[in-house]
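J.: The following file, upload04.txt, comprises compact mmCIF, C-alpha atoms and all ligand atoms:
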```txt
# COMPACT_ATOMS: atom_id res chain seq x y z
CA LEU E 19 15.28 11.01 5.11
CA PHE E 20 12.04 12.95 4.72
CA ALA E 21 12.91 16.54 5.51
CA GLY E 22 10.04 18.12 7.40
CA PRO E 23 7.15 16.79 9.44
CA VAL E 24 5.33 13.50 8.92
CA ASP E 25 1.62 14.01 9.46
CA PHE E 26 -1.91 13.02 8.60
CA VAL E 27 -3.26 15.51 6.06
CA LYS E 28 -6.81 14.45 5.26
CA GLY E 29 -9.21 11.66 4.41
CA VAL E 30 -10.71 11.88 0.94
CA VAL E 31 -13.97 10.29 -0.21
CA ALA E 32 -14.23 11.85 -3.65
CA LEU E 33 -11.73 13.04 -6.23
CA ASP E 34 -12.62 16.69 -5.75
CA GLY E 35 -11.33 16.36 -2.18
CA LEU E 36 -7.77 15.52 -3.20
CA PRO E 37 -5.12 17.93 -1.92
CA PRO E 38 -3.35 20.12 -4.50
CA ALA E 39 -1.10 18.01 -6.77
CA ASP E 40 2.08 19.77 -5.70
CA ARG E 41 4.26 16.89 -4.43
CA ALA E 42 5.44 13.51 -5.59
CA GLU E 43 3.14 10.88 -4.15
CA VAL E 44 3.09 7.14 -3.69
CA CYS E 45 0.09 5.01 -2.85
CA PHE E 46 -0.14 1.90 -0.69
CA ALA E 47 -2.73 -0.73 -1.56
CA GLY E 48 -3.46 -4.03 0.12
CA ARG E 49 -6.13 -6.40 1.34
CA SER E 50 -7.72 -5.62 4.67
CA ASN E 51 -5.54 -6.94 7.49
CA VAL E 52 -2.41 -7.21 5.31
CA GLY E 53 -0.57 -4.99 7.81
CA LYS E 54 -0.81 -1.71 5.89
CA SER E 55 -1.47 0.55 8.88
CA SER E 56 1.26 -1.14 10.88
CA LEU E 57 3.69 -0.68 8.01
CA ILE E 58 2.86 3.00 7.57
CA ASN E 59 3.32 3.54 11.29
CA ALA E 60 6.61 1.64 11.33
CA LEU E 61 7.83 3.42 8.21
CA THR E 62 7.20 6.84 9.66
CA GLY E 63 8.16 5.99 13.23
CA ARG E 64 4.73 7.21 14.33
CA LYS E 65 2.95 4.52 16.33
CA THR E 66 -0.58 5.75 15.72
CA LEU E 67 -0.37 7.73 12.50
CA ALA E 68 -2.38 5.29 10.39
CA ARG E 69 -5.30 3.79 12.24
CA THR E 70 -5.36 0.08 12.17
CA SER E 71 -7.99 -1.54 10.01
CA ASN E 72 -11.69 -1.75 10.69
CA THR E 73 -11.95 1.72 12.13
CA PRO E 74 -15.56 2.53 11.24
CA GLY E 75 -15.93 5.32 8.73
CA ARG E 76 -12.30 5.43 7.75
CA THR E 77 -12.26 2.30 5.70
CA GLN E 78 -13.53 3.79 2.46
CA GLU E 79 -11.41 6.91 2.61
CA ILE E 80 -8.20 7.63 0.76
CA ASN E 81 -5.95 8.89 3.53
CA TYR E 82 -3.20 11.40 2.75
CA PHE E 83 -0.05 11.62 4.85
CA ALA E 84 2.71 14.14 4.35
CA LEU E 85 6.18 12.59 4.43
CA GLY E 86 8.24 15.68 4.98
CA ALA E 87 7.69 18.61 2.65
CA ALA E 88 8.17 16.85 -0.68
CA HIS E 89 6.12 13.62 -0.59
CA TYR E 90 2.64 12.35 0.08
CA LEU E 91 1.97 8.80 1.13
CA VAL E 92 -1.54 7.83 0.06
CA ASP E 93 -3.20 5.07 2.02
CA LEU E 94 -5.84 3.44 -0.19
CA PRO E 95 -8.80 1.64 1.40
CA GLY E 96 -8.19 -2.02 2.20
CA TYR E 97 -9.89 -4.34 -0.26
CA GLY E 98 -11.01 -7.95 -0.32
CA PHE E 99 -13.63 -7.76 2.36
CA ALA E 100 -16.04 -10.52 1.26
CA GLU E 101 -18.86 -9.02 3.28
CA ALA E 102 -18.63 -5.54 1.76
CA PRO E 103 -21.88 -4.68 -0.06
CA ARG E 104 -21.61 -4.76 -3.83
CA ALA E 105 -22.45 -1.06 -4.12
CA VAL E 106 -19.64 -0.14 -1.72
CA VAL E 107 -17.14 -2.22 -3.67
CA ALA E 108 -18.28 -0.68 -6.95
CA ARG E 109 -17.96 2.83 -5.56
CA TRP E 110 -14.48 2.27 -4.29
CA GLN E 111 -13.33 0.63 -7.50
CA ALA E 112 -14.57 3.66 -9.44
CA LEU E 113 -12.83 6.07 -7.06
CA LEU E 114 -9.62 4.06 -7.28
CA ARG E 115 -9.75 3.86 -11.08
CA ASP E 116 -10.30 7.61 -11.37
CA TYR E 117 -7.55 8.34 -8.87
CA LEU E 118 -5.02 6.09 -10.61
CA ALA E 119 -5.83 7.41 -14.06
CA GLY E 120 -6.01 11.08 -13.15
CA ARG E 121 -3.40 11.85 -10.52
CA ALA E 122 -0.51 13.41 -12.37
CA THR E 123 1.81 13.46 -9.36
CA LEU E 124 1.36 9.76 -8.53
CA ARG E 125 4.83 8.33 -9.04
CA ARG E 126 4.45 4.74 -7.91
CA ALA E 127 2.20 2.29 -6.16
CA PHE E 128 3.20 -0.20 -3.51
CA VAL E 129 1.04 -3.30 -3.37
CA LEU E 130 1.24 -5.01 -0.01
CA ILE E 131 1.01 -8.79 0.08
CA ASP E 132 1.02 -10.96 3.20
CA HIS E 133 4.23 -12.94 2.91
CA ARG E 134 2.53 -16.04 4.27
CA HIS E 135 -0.16 -16.08 1.59
CA GLY E 136 1.37 -14.68 -1.59
CA ILE E 137 -0.72 -13.08 -4.34
CA LYS E 138 -4.46 -13.81 -4.18
CA ALA E 139 -7.24 -12.96 -6.63
CA PRO E 140 -8.06 -9.52 -5.15
CA ASP E 141 -4.37 -8.57 -5.30
CA ALA E 142 -4.16 -9.61 -8.95
CA GLU E 143 -7.21 -7.43 -9.64
CA ILE E 144 -5.53 -4.38 -8.16
CA MET E 145 -2.39 -5.16 -10.12
CA ALA E 146 -4.44 -5.37 -13.32
CA LEU E 147 -5.93 -1.94 -12.52
CA LEU E 148 -2.40 -0.58 -12.10
CA ASP E 149 -1.33 -2.17 -15.40
CA ARG E 150 -4.23 -0.50 -17.21
CA ALA E 151 -3.53 2.88 -15.58
CA ALA E 152 0.22 2.48 -16.36
CA VAL E 153 1.12 3.13 -12.72
CA THR E 154 4.30 1.21 -12.01
CA PHE E 155 4.25 -0.72 -8.77
CA HIS E 156 6.49 -2.40 -6.28
CA THR E 157 5.34 -5.47 -4.42
CA VAL E 158 5.90 -5.33 -0.67
CA LEU E 159 5.72 -8.53 1.33
CA THR E 160 4.45 -7.90 4.86
CA LYS E 161 4.74 -9.84 8.13
CA ALA E 162 7.95 -11.56 7.02
CA ASP E 163 8.65 -12.38 10.67
CA LYS E 164 5.75 -14.84 10.49
CA VAL E 165 7.33 -16.89 7.70
CA LYS E 166 9.95 -19.54 8.40
CA ALA E 167 13.23 -18.90 6.62
CA ALA E 168 12.90 -22.28 4.90
CA ASP E 169 9.56 -21.29 3.34
CA ARG E 170 10.51 -17.85 2.09
CA ALA E 171 12.16 -18.71 -1.23
CA ARG E 172 9.29 -20.94 -2.37
CA ILE E 173 6.68 -18.27 -1.63
CA LEU E 174 8.74 -15.51 -3.25
CA ASP E 175 9.17 -17.66 -6.39
CA GLY E 176 5.39 -17.94 -6.64
CA VAL E 177 5.04 -14.17 -6.27
CA ARG E 178 7.65 -13.54 -8.99
CA THR E 179 5.87 -15.92 -11.35
CA ALA E 180 2.57 -14.10 -10.80
CA LEU E 181 4.21 -10.69 -11.24
CA ALA E 182 5.62 -11.67 -14.62
CA ARG E 183 2.04 -11.31 -15.95
CA HIS E 184 1.87 -7.65 -14.91
CA PRO E 185 3.63 -5.16 -17.18
CA ALA E 186 3.51 -2.40 -14.52
CA ALA E 187 5.26 -4.55 -11.89
CA TYR E 188 8.85 -4.05 -10.83
CA PRO E 189 10.50 -7.46 -10.54
CA GLU E 190 12.27 -6.63 -7.27
CA LEU E 191 10.39 -7.60 -4.16
CA ILE E 192 10.58 -5.64 -0.92
CA VAL E 193 10.36 -8.00 2.05
CA THR E 194 9.28 -6.26 5.25
CA SER E 195 8.23 -6.76 8.83
CA SER E 196 6.75 -4.03 10.98
CA GLU E 197 7.67 -6.16 13.98
CA THR E 198 11.39 -6.55 13.31
CA GLY E 199 11.95 -3.55 11.04
CA GLU E 200 13.18 -5.73 8.20
CA GLY E 201 13.02 -3.93 4.84
CA LEU E 202 11.85 -0.60 6.21
CA ALA E 203 15.02 1.26 5.26
CA THR E 204 14.76 -0.09 1.71
CA LEU E 205 11.16 1.00 1.43
CA ARG E 206 11.88 4.46 2.83
CA ALA E 207 14.75 4.92 0.42
CA GLU E 208 12.58 3.88 -2.57
CA ILE E 209 10.01 6.51 -1.67
CA ALA E 210 12.50 9.25 -0.83
CA ALA E 211 14.25 8.76 -4.18
CA LEU E 212 11.08 9.65 -6.10
CA ALA E 213 10.81 13.24 -7.11
P1 LIG E 301 -4.35 -3.29 7.83
O1 LIG E 301 -5.77 -3.74 7.88
O2 LIG E 301 -3.74 -3.69 6.52
O3 LIG E 301 -4.13 -1.85 8.15
O4 LIG E 301 -3.55 -4.19 8.89
P2 LIG E 301 -3.03 -3.80 10.36
O5 LIG E 301 -1.83 -2.96 10.29
O6 LIG E 301 -4.18 -3.37 11.16
O7 LIG E 301 -2.52 -5.26 10.85
C1 LIG E 301 -3.38 -6.37 10.90
C2 LIG E 301 -2.88 -7.33 11.97
O8 LIG E 301 -1.59 -7.86 11.61
C3 LIG E 301 -2.67 -6.68 13.33
O9 LIG E 301 -3.04 -7.63 14.32
C4 LIG E 301 -1.18 -6.40 13.38
O10 LIG E 301 -0.66 -6.39 14.70
C5 LIG E 301 -0.61 -7.56 12.59
N1 LIG E 301 0.67 -7.19 11.92
C6 LIG E 301 0.85 -6.16 11.09
N2 LIG E 301 2.12 -6.14 10.63
C7 LIG E 301 2.76 -7.17 11.21
C8 LIG E 301 4.12 -7.66 11.13
O11 LIG E 301 5.00 -7.15 10.42
N3 LIG E 301 4.39 -8.79 11.85
C9 LIG E 301 3.45 -9.41 12.63
N4 LIG E 301 3.83 -10.51 13.29
N5 LIG E 301 2.19 -8.97 12.72
C10 LIG E 301 1.83 -7.86 12.02
```
Here is the file; what I need is its structure written in the form of structure tokens.
Ligand code: GDP
T.:
Amino acid sequence: LFAGPVDFVKGVVALDGLPPADRAEVCFAGRSNVGKSSLINALTGRKTLARTSNTPGRTQEINYFALGAAHYLVDLPGYGFAEAPRAVVARWQALLRDYLAGRATLRRAFVLIDHRHGIKAPDAEIMALLDRAAVTFHTVLTKADKVKAADRARILDGVRTALARHPAAYPELIVTSSETGEGLATLRAEIAALA
């Protein structure tokens, strides 16, 4: 699907560290512990490509991965850590805002939401940032294997209702599980189709 190697490229802490804007890129955003690293690993078939959360020093970096020769997957720092110092939060919000507004090759964002919990305040904040930057986004539900089939529709209805307030949101939801592989092919195809 992605012709060429899948690999970690670099961690970026400031906009002047971004790699050359010579490929279509997508970014993944989500609260800490949402399952973002697991999803990136499952998506790429590389068990340890993205380091799981809470790796000291990595948490505030924007991590670039090459998906073949034509795409970058950009792993944004996890947000929503209540204990993060105010100055750290402010710095990352500024970096994120500048990145979203200024990256000409950014084609789409994927906002990861824990299927069990739905959209919470920090997720809505990120979505509002994406609205303002006019970066269209898909909502990806993670850890679907942890949700009983009987509960899924109710939770997804709540997510759809919340998304209706966000002009940059695609209405389609991508339901995934890194455990079972559910939704991974759909997500891969969405990314690969972007040029
Ligand atoms: P990150 O902080 O968003 O990068 O989250 P991680 O990928 O580190 O995952 C956080 C926790 O959720 C870990 O204990 C994972 O094993 C678990 N996890 C991640 N994805 C899934 C999933 O699809 N299903 C289940 N059952 N657990 C998951």
J.: Contacts of stretch 144-161 of chain E at 6 Å or less, counting only C-alpha atoms, minus same-chain residues fewer than 3 places along, as a PyMOL selection string?
T.: chain E and resi 119+126-133+141+164+186-188+191-195
J.: Taking all atoms listed in the file and a cut-off of 6 Å, can you tell me which residues surround ligand LIG 301 (chain E), written as an mmCIF file with C-alpha atoms, in the coordinates of the input?
T.:
```cif
data_model
loop_
_atom_site.group_PDB
_atom_site.id
_atom_site.type_symbol
_atom_site.label_atom_id
_atom_site.label_comp_id
_atom_site.auth_asym_id
_atom_site.auth_seq_id
_atom_site.Cartn_x
_atom_site.Cartn_y
_atom_site.Cartn_z
ATOM 1 C CA SER E 50 -7.720 -5.620 4.670
ATOM 2 C CA ASN E 51 -5.540 -6.940 7.490
ATOM 3 C CA VAL E 52 -2.410 -7.210 5.310
ATOM 4 C CA GLY E 53 -0.570 -4.990 7.810
ATOM 5 C CA LYS E 54 -0.810 -1.710 5.890
ATOM 6 C CA SER E 55 -1.470 0.550 8.880
ATOM 7 C CA SER E 56 1.260 -1.140 10.880
ATOM 8 C CA THR E 70 -5.360 0.080 12.170
ATOM 9 C CA SER E 71 -7.990 -1.540 10.010
ATOM 10 C CA THR E 160 4.450 -7.900 4.860
ATOM 11 C CA LYS E 161 4.740 -9.840 8.130
ATOM 12 C CA ASP E 163 8.650 -12.380 10.670
ATOM 13 C CA LYS E 164 5.750 -14.840 10.490
ATOM 14 C CA SER E 195 8.230 -6.760 8.830
ATOM 15 C CA SER E 196 6.750 -4.030 10.980
ATOM 16 C CA GLU E 197 7.670 -6.160 13.980
#
```
J.: Using atom CA of E:Leu36 and atom CA of E:Ala84 as the two end points, give the distance in Å to one decimal.
T.: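 Straight-line distance from atom CA of E:Leu36 to atom CA of E:Ala84 works out to 13.0 Å.
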J.: What does the distance between atom CA of E:His184 and atom CA of E:Lys166 come to in Å, to one decimal place?
T.: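 Between atom CA of E:His184 and atom CA of E:Lys166 the gap works out to 27.4 Å.
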J.: Looking at E:Arg134, E:Trp110, E:Ala207, E:Lys65, which one is nearest to E:Asp25, with distances taken over all atoms listed in the file?
T.: E:Lys65
J.: Considering all atoms listed in the file, state which residue in the set E:Ala105, E:Ile80, E:Leu202, E:Leu91 is at the smallest distance from E:Arg41.
T.: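 Under the stated criterion, the closest residue is E:Leu91.
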J.: Nearest to E:Ala211: which of E:Leu94, E:Val24, E:Leu19, E:Ala68 is it, counting all atoms listed in the file?
T.: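 The answer is E:Leu19, which sits nearest to E:Ala211.
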J.: Rank E:Ala171, E:Pro23, E:Lys28, E:Leu61 by their smallest atom-to-atom distance to E:Glu208, using only C-alpha atoms, and report the top residue only.
T.: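 Ranking E:Ala171, E:Pro23, E:Lys28, E:Leu61 by distance to E:Glu208, first place goes to E:Leu61.
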J.: Using Å and a single decimal, report how far atom CA of E:Lys138 sits from atom CA of E:Val165.
T.: 17.0 Å
J.: Have a look at E:Gly120, E:Pro103, E:Gly96, E:Pro140 and name the one nearest to E:Leu33; count only C-alpha atoms.
T.: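 Once distances to E:Leu33 are computed over only C-alpha atoms, the minimum belongs to E:Gly120.
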J.: Which residue gives the smallest distance to E:Pro95 among E:Arg64, E:Arg115, E:Arg121, E:Arg49, with all atoms listed in the file counted?
T.: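 Residue with the minimum atom-to-atom distance to E:Pro95: E:Arg49.
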J.: Could you give me, as a list in words, the residues within 12 Å of E:Gly35, counting all atoms listed in the file and dropping anything in the same chain fewer than 6 positions from it?
T.: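 Neighbouring residues, sequence-local ones excluded: Val27, Lys28, Gly29, Glu79, Ile80, Asn81, Tyr82, Leu113 and Tyr117 of chain E.
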J.: With C-alpha atoms retained, export the selected residues as a CSV table (one decimal), keeping the file's coordinate frame.
T.:
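Result saved to again_3.csv:
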```csv
chain,number,residue,atom,x,y,z
E,27,VAL,CA,-3.3,15.5,6.1
E,28,LYS,CA,-6.8,14.4,5.3
E,29,GLY,CA,-9.2,11.7,4.4
E,79,GLU,CA,-11.4,6.9,2.6
E,80,ILE,CA,-8.2,7.6,0.8
E,81,ASN,CA,-6.0,8.9,3.5
E,82,TYR,CA,-3.2,11.4,2.8
E,113,LEU,CA,-12.8,6.1,-7.1
E,117,TYR,CA,-7.6,8.3,-8.9
```
